[in-house]
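Enquirer: File name coords-v3.csv; file contents CSV, C-alpha atoms; full text below.
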```csv
chain,number,residue,atom,x,y,z
J,8,MET,CA,-3.9,58.3,-13.9
J,9,GLU,CA,-2.8,56.8,-10.6
J,10,PHE,CA,-5.6,54.2,-10.7
J,11,GLN,CA,-4.5,53.2,-14.2
J,12,SER,CA,-0.9,52.8,-13.2
J,13,GLU,CA,-1.8,50.6,-10.2
J,14,ALA,CA,-4.1,48.5,-12.5
J,15,LYS,CA,-1.3,48.0,-15.0
J,16,LEU,CA,1.1,47.0,-12.2
J,17,LEU,CA,-1.4,44.5,-10.8
J,18,LEU,CA,-2.0,43.0,-14.3
J,19,LEU,CA,1.8,42.7,-14.8
J,20,LEU,CA,2.2,40.9,-11.5
J,21,LEU,CA,-0.6,38.6,-12.2
J,22,LEU,CA,0.9,37.7,-15.6
J,23,LEU,CA,4.3,37.0,-14.1
J,24,TRP,CA,2.7,34.8,-11.5
J,25,VAL,CA,0.8,32.8,-14.1
J,26,MET,CA,3.9,32.4,-16.2
J,27,HIS,CA,5.9,31.3,-13.2
J,28,CYS,CA,3.2,28.7,-12.2
J,29,GLY,CA,3.1,27.4,-15.8
J,30,HIS,CA,6.9,27.2,-16.0
J,31,THR,CA,7.1,25.3,-12.7
J,32,GLN,CA,4.5,22.8,-13.7
J,33,ILE,CA,6.2,22.1,-17.0
J,34,ARG,CA,9.6,21.6,-15.2
J,35,VAL,CA,8.1,19.3,-12.5
J,36,GLU,CA,6.3,17.1,-14.9
J,37,ARG,CA,9.5,16.4,-16.8
J,38,TYR,CA,11.3,14.9,-13.9
J,39,ALA,CA,10.5,11.3,-13.0
J,40,SER,CA,12.2,11.2,-9.6
J,41,ILE,CA,14.8,12.6,-7.3
J,42,ILE,CA,17.5,10.4,-5.8
J,43,ASP,CA,19.7,11.2,-2.7
J,44,VAL,CA,22.0,9.6,-0.2
J,45,THR,CA,21.7,9.3,3.6
J,46,ASN,CA,25.2,10.4,4.7
J,47,GLY,CA,25.3,14.0,3.5
J,48,GLY,CA,26.7,16.7,5.7
J,49,THR,CA,24.5,18.8,8.1
J,50,TRP,CA,25.7,22.3,7.4
J,51,GLY,CA,24.5,24.8,4.8
J,52,ASP,CA,21.4,25.4,2.8
J,53,TRP,CA,19.9,23.8,-0.3
J,54,THR,CA,20.5,26.0,-3.4
J,55,TRP,CA,18.8,26.1,-6.8
J,56,PRO,CA,18.4,23.1,-9.0
J,57,GLU,CA,20.1,23.1,-12.4
J,58,MET,CA,18.8,20.8,-15.2
J,59,CYS,CA,20.1,19.5,-18.5
J,60,PRO,CA,18.2,20.8,-21.5
J,61,ASP,CA,15.1,18.8,-22.7
J,62,GLY,CA,16.2,15.6,-24.3
J,63,TYR,CA,19.7,15.7,-22.8
J,64,PHE,CA,21.1,13.3,-20.1
J,65,ALA,CA,24.3,13.5,-18.0
J,66,SER,CA,26.9,11.3,-19.6
J,67,GLY,CA,29.8,12.7,-17.5
J,68,PHE,CA,30.7,14.9,-14.5
J,69,SER,CA,33.6,17.0,-13.2
J,70,ILE,CA,34.3,18.2,-9.7
J,71,LYS,CA,35.7,21.3,-8.0
J,72,VAL,CA,38.3,20.3,-5.3
J,73,GLU,CA,40.4,22.3,-2.9
J,74,PRO,CA,43.7,20.5,-2.3
J,75,PRO,CA,44.8,19.9,1.3
J,76,GLN,CA,45.7,23.1,3.0
J,77,GLY,CA,48.1,21.7,5.7
J,78,ILE,CA,48.3,23.1,9.2
J,79,PRO,CA,46.9,25.6,10.2
J,80,GLY,CA,44.9,25.9,6.9
J,81,ASP,CA,41.2,25.4,6.6
J,82,ASP,CA,40.3,22.4,4.4
J,83,THR,CA,37.0,22.3,2.4
J,84,ALA,CA,37.7,19.4,0.0
J,85,LEU,CA,34.9,19.0,-2.5
J,86,ASN,CA,33.3,22.3,-3.4
J,87,GLY,CA,31.1,21.6,-6.5
J,88,ILE,CA,29.9,19.1,-9.1
J,89,ARG,CA,29.1,19.8,-12.7
J,90,LEU,CA,27.1,17.5,-14.9
J,91,HIS,CA,28.0,17.2,-18.6
J,92,CYS,CA,24.8,16.6,-20.5
J,93,THR,CA,24.7,15.1,-24.0
J,94,ARG,CA,22.4,13.6,-26.6
J,95,GLY,CA,24.5,10.5,-27.0
J,96,ASN,CA,27.8,12.0,-28.2
J,97,ALA,CA,30.2,13.2,-25.6
J,98,GLU,CA,32.4,15.0,-28.1
J,99,GLN,CA,29.6,17.1,-29.6
J,100,ASN,CA,26.4,18.6,-28.5
J,101,THR,CA,27.5,18.9,-24.8
J,102,HIS,CA,25.8,21.2,-22.3
J,103,VAL,CA,27.3,21.7,-18.8
J,104,VAL,CA,25.1,22.4,-15.7
J,105,GLU,CA,26.1,23.4,-12.2
J,106,SER,CA,24.1,24.1,-9.1
J,107,GLN,CA,25.8,26.5,-6.6
J,108,SER,CA,29.4,25.6,-5.7
J,109,GLY,CA,31.8,26.6,-2.9
J,110,SER,CA,34.4,29.3,-3.3
J,111,TRP,CA,37.6,27.2,-3.2
J,112,GLY,CA,39.4,24.9,-5.5
J,113,SER,CA,39.6,24.2,-9.2
J,114,TRP,CA,37.6,22.1,-11.7
J,115,SER,CA,38.8,18.7,-12.8
J,116,GLU,CA,38.6,17.3,-16.3
J,117,PRO,CA,35.3,15.5,-17.0
J,118,LEU,CA,34.9,11.7,-16.5
J,119,TRP,CA,32.6,10.1,-19.1
J,120,CYS,CA,30.4,7.0,-19.2
J,121,PRO,CA,31.5,4.7,-22.1
J,122,GLY,CA,29.7,5.0,-25.4
J,123,ALA,CA,26.1,6.4,-25.3
J,124,HIS,CA,25.5,5.4,-21.6
J,125,TYR,CA,24.3,7.8,-18.9
J,126,LEU,CA,24.9,8.4,-15.2
J,127,VAL,CA,22.2,6.7,-13.2
J,128,ALA,CA,23.3,6.6,-9.5
J,129,PHE,CA,25.8,8.2,-7.1
J,130,SER,CA,27.6,7.9,-3.8
J,131,LEU,CA,29.2,10.5,-1.6
J,132,ARG,CA,32.5,10.2,0.4
J,133,VAL,CA,31.8,12.3,3.6
J,134,GLU,CA,34.0,13.0,6.5
J,135,PRO,CA,32.0,12.8,9.8
J,136,PHE,CA,31.8,15.7,12.2
J,137,SER,CA,34.7,16.1,14.5
J,138,PHE,CA,35.3,18.5,17.4
J,139,PRO,CA,37.8,20.0,17.8
J,140,GLY,CA,38.9,19.6,14.3
J,141,ASP,CA,38.8,20.9,10.7
J,142,ASN,CA,35.6,19.6,9.2
J,143,THR,CA,35.3,19.1,5.4
J,144,ALA,CA,31.9,17.3,4.8
J,145,VAL,CA,31.9,15.9,1.3
J,146,ASN,CA,35.3,14.9,0.0
J,147,ASN,CA,34.5,13.0,-3.2
J,148,VAL,CA,31.7,11.5,-5.4
J,149,ARG,CA,31.2,8.3,-7.4
J,150,PHE,CA,28.7,7.9,-10.2
J,151,ARG,CA,27.5,4.7,-11.7
J,152,CYS,CA,26.7,4.5,-15.4
J,153,SER,CA,23.8,2.7,-17.1
J,154,ASP,CA,26.2,-0.1,-18.2
J,155,GLY,CA,27.4,-0.7,-14.7
J,156,VAL,CA,30.7,1.2,-15.0
J,157,GLU,CA,31.6,3.2,-11.9
J,158,LEU,CA,33.4,6.5,-12.1
J,159,GLU,CA,35.2,8.1,-9.1
J,160,GLY,CA,36.1,11.8,-9.0
J,161,PRO,CA,39.6,13.0,-8.2
J,162,GLY,CA,38.6,14.3,-4.8
J,163,LEU,CA,40.2,13.9,-1.4
J,164,SER,CA,40.3,10.8,0.8
J,165,TRP,CA,39.0,11.9,4.2
J,166,GLY,CA,35.9,10.1,5.4
J,167,ASP,CA,34.1,7.1,3.9
J,168,TYR,CA,31.7,6.4,1.1
J,169,GLY,CA,28.1,5.8,2.1
J,170,ASP,CA,25.5,3.6,0.4
J,171,TRP,CA,24.7,4.1,-3.3
J,172,SER,CA,21.6,6.1,-4.1
J,173,ASP,CA,18.7,4.5,-5.9
J,174,SER,CA,19.1,4.3,-9.7
J,175,CYS,CA,17.4,6.4,-12.3
J,176,VAL,CA,15.3,4.3,-14.7
J,177,LYS,CA,17.0,6.0,-17.7
J,178,GLY,CA,19.4,8.7,-16.7
J,179,VAL,CA,20.5,11.7,-14.6
J,180,CYS,CA,19.3,15.1,-15.9
J,181,GLY,CA,19.9,17.6,-13.1
J,182,LEU,CA,21.3,18.3,-9.6
J,183,GLN,CA,20.8,20.5,-6.6
J,184,THR,CA,23.6,21.2,-4.0
J,185,LYS,CA,23.6,22.0,-0.3
J,186,ILE,CA,26.3,24.6,0.3
J,187,GLN,CA,27.7,26.2,3.5
J,188,LYS,CA,28.5,29.8,2.7
J,189,PRO,CA,32.0,31.2,3.6
J,190,ARG,CA,32.2,31.8,7.4
J,191,GLY,CA,35.2,34.1,7.6
J,192,PRO,CA,37.8,33.0,10.2
J,193,ARG,CA,35.5,30.1,11.3
J,194,ASP,CA,35.7,26.5,9.9
J,195,ASP,CA,34.3,26.1,6.3
J,196,THR,CA,33.0,23.0,4.7
J,197,ALA,CA,31.5,24.2,1.4
J,198,LEU,CA,29.6,21.3,-0.3
J,199,ASN,CA,27.6,19.2,2.2
J,200,ASP,CA,25.1,17.2,0.2
J,201,VAL,CA,23.6,16.6,-3.3
J,202,ARG,CA,20.2,15.7,-4.8
J,203,ILE,CA,20.1,14.2,-8.3
J,204,PHE,CA,17.2,14.5,-10.7
J,205,CYS,CA,16.2,11.6,-13.0
J,206,CYS,CA,14.4,12.0,-16.3
J,207,ASN,CA,12.9,9.4,-18.6
J,208,SER,CA,12.8,11.5,-21.8
```
Here is the file; what I need is its structure written in the form of structure tokens.
Expert:
Amino acid sequence: MEFQSEAKLLLLLLLLWVMHCGHTQIRVERYASIIDVTNGGTWGDWTWPEMCPDGYFASGFSIKVEPPQGIPGDDTALNGIRLHCTRGNAEQNTHVVESQSGSWGSWSEPLWCPGAHYLVAFSLRVEPFSFPGDNTAVNNVRFRCSDGVELEGPGLSWGDYGDWSDSCVKGVCGLQTKIQKPRGPRDDTALNDVRIFCCNS
């Protein structure tokens, strides 16, 4: 009996491994490219990617922002980004995706590309490291739409925008965030960097 139980467990583990490999292959083949920027913050770790459903592209975005905390508060500024994925109609058939976000702030209303256009590129506003000082890392984000329209989030104004990322051929379909976990009484920065996934179909 013990041998049969071990054999069943091994068979189950093998099946799960095969399913995982197959799922990973399907997901990777769907994405045409990953775009990023060069001025992201240095703290934290990359979290999981989140993707629009098959056939959907991001037509809009919203952000999670902590307002200024004053002295002696600890500012974190931009804490998260959500992509609003559609199939060409922002009012219907919308799916929201979010990689891990920081713990502070509240979500803004979404900003949308005009018509049936999609997000294709982005730029981050990042406050450089300062010591001594209250570091915030990413403060805001801009996205460019496929028709050239630029959308700027309602984030904070510390730091400067870096260069634009490369552009997706068709549109944005996912994101991955770099987040610093809460550090108790020490300085928090929350969102530090973002990677964006591009799809062609």
Enquirer: Using all atoms listed in the file for the distances, tell me which of J:Lys188, J:Arg132, J:Arg151, J:Arg94 is nearest to Asp200 (chain J).
Expert: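 Going through J:Lys188, J:Arg132, J:Arg151, J:Arg94 one by one, the smallest distance to Asp200 (chain J) is for J:Arg132.
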Enquirer: From the set J:Ile186, J:Ile70, J:Cys206, J:Cys180, which residue has the shortest atom-to-atom contact distance to Thr54 (chain J), counting all atoms listed in the file?
Expert: J:Ile186
Enquirer: Which residue out of J:Tyr168, J:Trp119, J:Phe138, J:Phe204 has the minimum interatomic distance to Leu182 (chain J) when all atoms listed in the file are used?
Expert: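 So, comparing all the options, the nearest one is J:Phe204.
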Enquirer: I want to know what sits within 8 Å of region 194-199 of chain J, based on only C-alpha atoms, with residues of the same chain fewer than 6 positions away left out; could you give that as a PyMOL selection string?
Expert: chain J and resi 47-51+81-87+108-110+141-145+184-188
Enquirer: Using all atoms listed in the file, find the one residue out of J:Tyr63, J:Trp111, J:Trp53, J:Trp165 that sits nearest to Gly178 (chain J).
Expert: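 Closest to Gly178 (chain J), using all atoms listed in the file: J:Tyr63.
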Enquirer: Grab the CA of Asn146 (chain J) to CA of Cys59 (chain J) distance for me, in Å with one decimal place.
Expert: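 We find that CA of Asn146 (chain J) and CA of Cys59 (chain J) lie 24.4 Å from each other.
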Enquirer: Would you compute the distance between CA of Ile41 (chain J) and CA of Val72 (chain J)? Give it in Å to one decimal.
Expert: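 Separation between CA of Ile41 (chain J) and CA of Val72 (chain J): 24.8 Å.
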Enquirer: Would you compute the distance between CA of Phe129 (chain J) and CA of Glu159 (chain J)? Give it in Å to one decimal.
Expert: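 Computing it gives 9.6 Å between the two atoms.
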Enquirer: Excluding Glu57 (chain J) and any residue of its chain fewer than 6 positions from it, enumerate the residues within 7 Å of it, using all atoms listed in the file, and give them as number ranges by chain.
Expert: J: 104-106, 181-183
Enquirer: For the selection just defined, write its residues with C-alpha atoms to a file, as a CSV table (one decimal), in the coordinates of the input.
Expert:
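Output (part.csv):
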```csv
chain,number,residue,atom,x,y,z
J,104,VAL,CA,25.1,22.4,-15.7
J,105,GLU,CA,26.1,23.4,-12.2
J,106,SER,CA,24.1,24.1,-9.1
J,181,GLY,CA,19.9,17.6,-13.1
J,182,LEU,CA,21.3,18.3,-9.6
J,183,GLN,CA,20.8,20.5,-6.6
```
Enquirer: Could you check which of J:Val176, J:Val127, J:Val133, J:Pro117 is closest to Thr45 (chain J), using only C-alpha atoms?
Expert: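 Closest residue, counting only C-alpha atoms: J:Val133.
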Enquirer: Go through J:Leu126, J:Gly80, J:Met58, J:Val179 and flag the residue nearest Ser153 (chain J), using only C-alpha atoms for the distances.
Expert: J:Leu126
Enquirer: Give me, as an MDAnalysis selection string, all polymer residues having an atom no more than 10 Å from Leu158 (chain J), counting all atoms listed in the file and skipping those fewer than 2 positions away in the same chain.
Expert: chainID J and resid 67:68 118:120 126 129 148:152 155:156 160:161
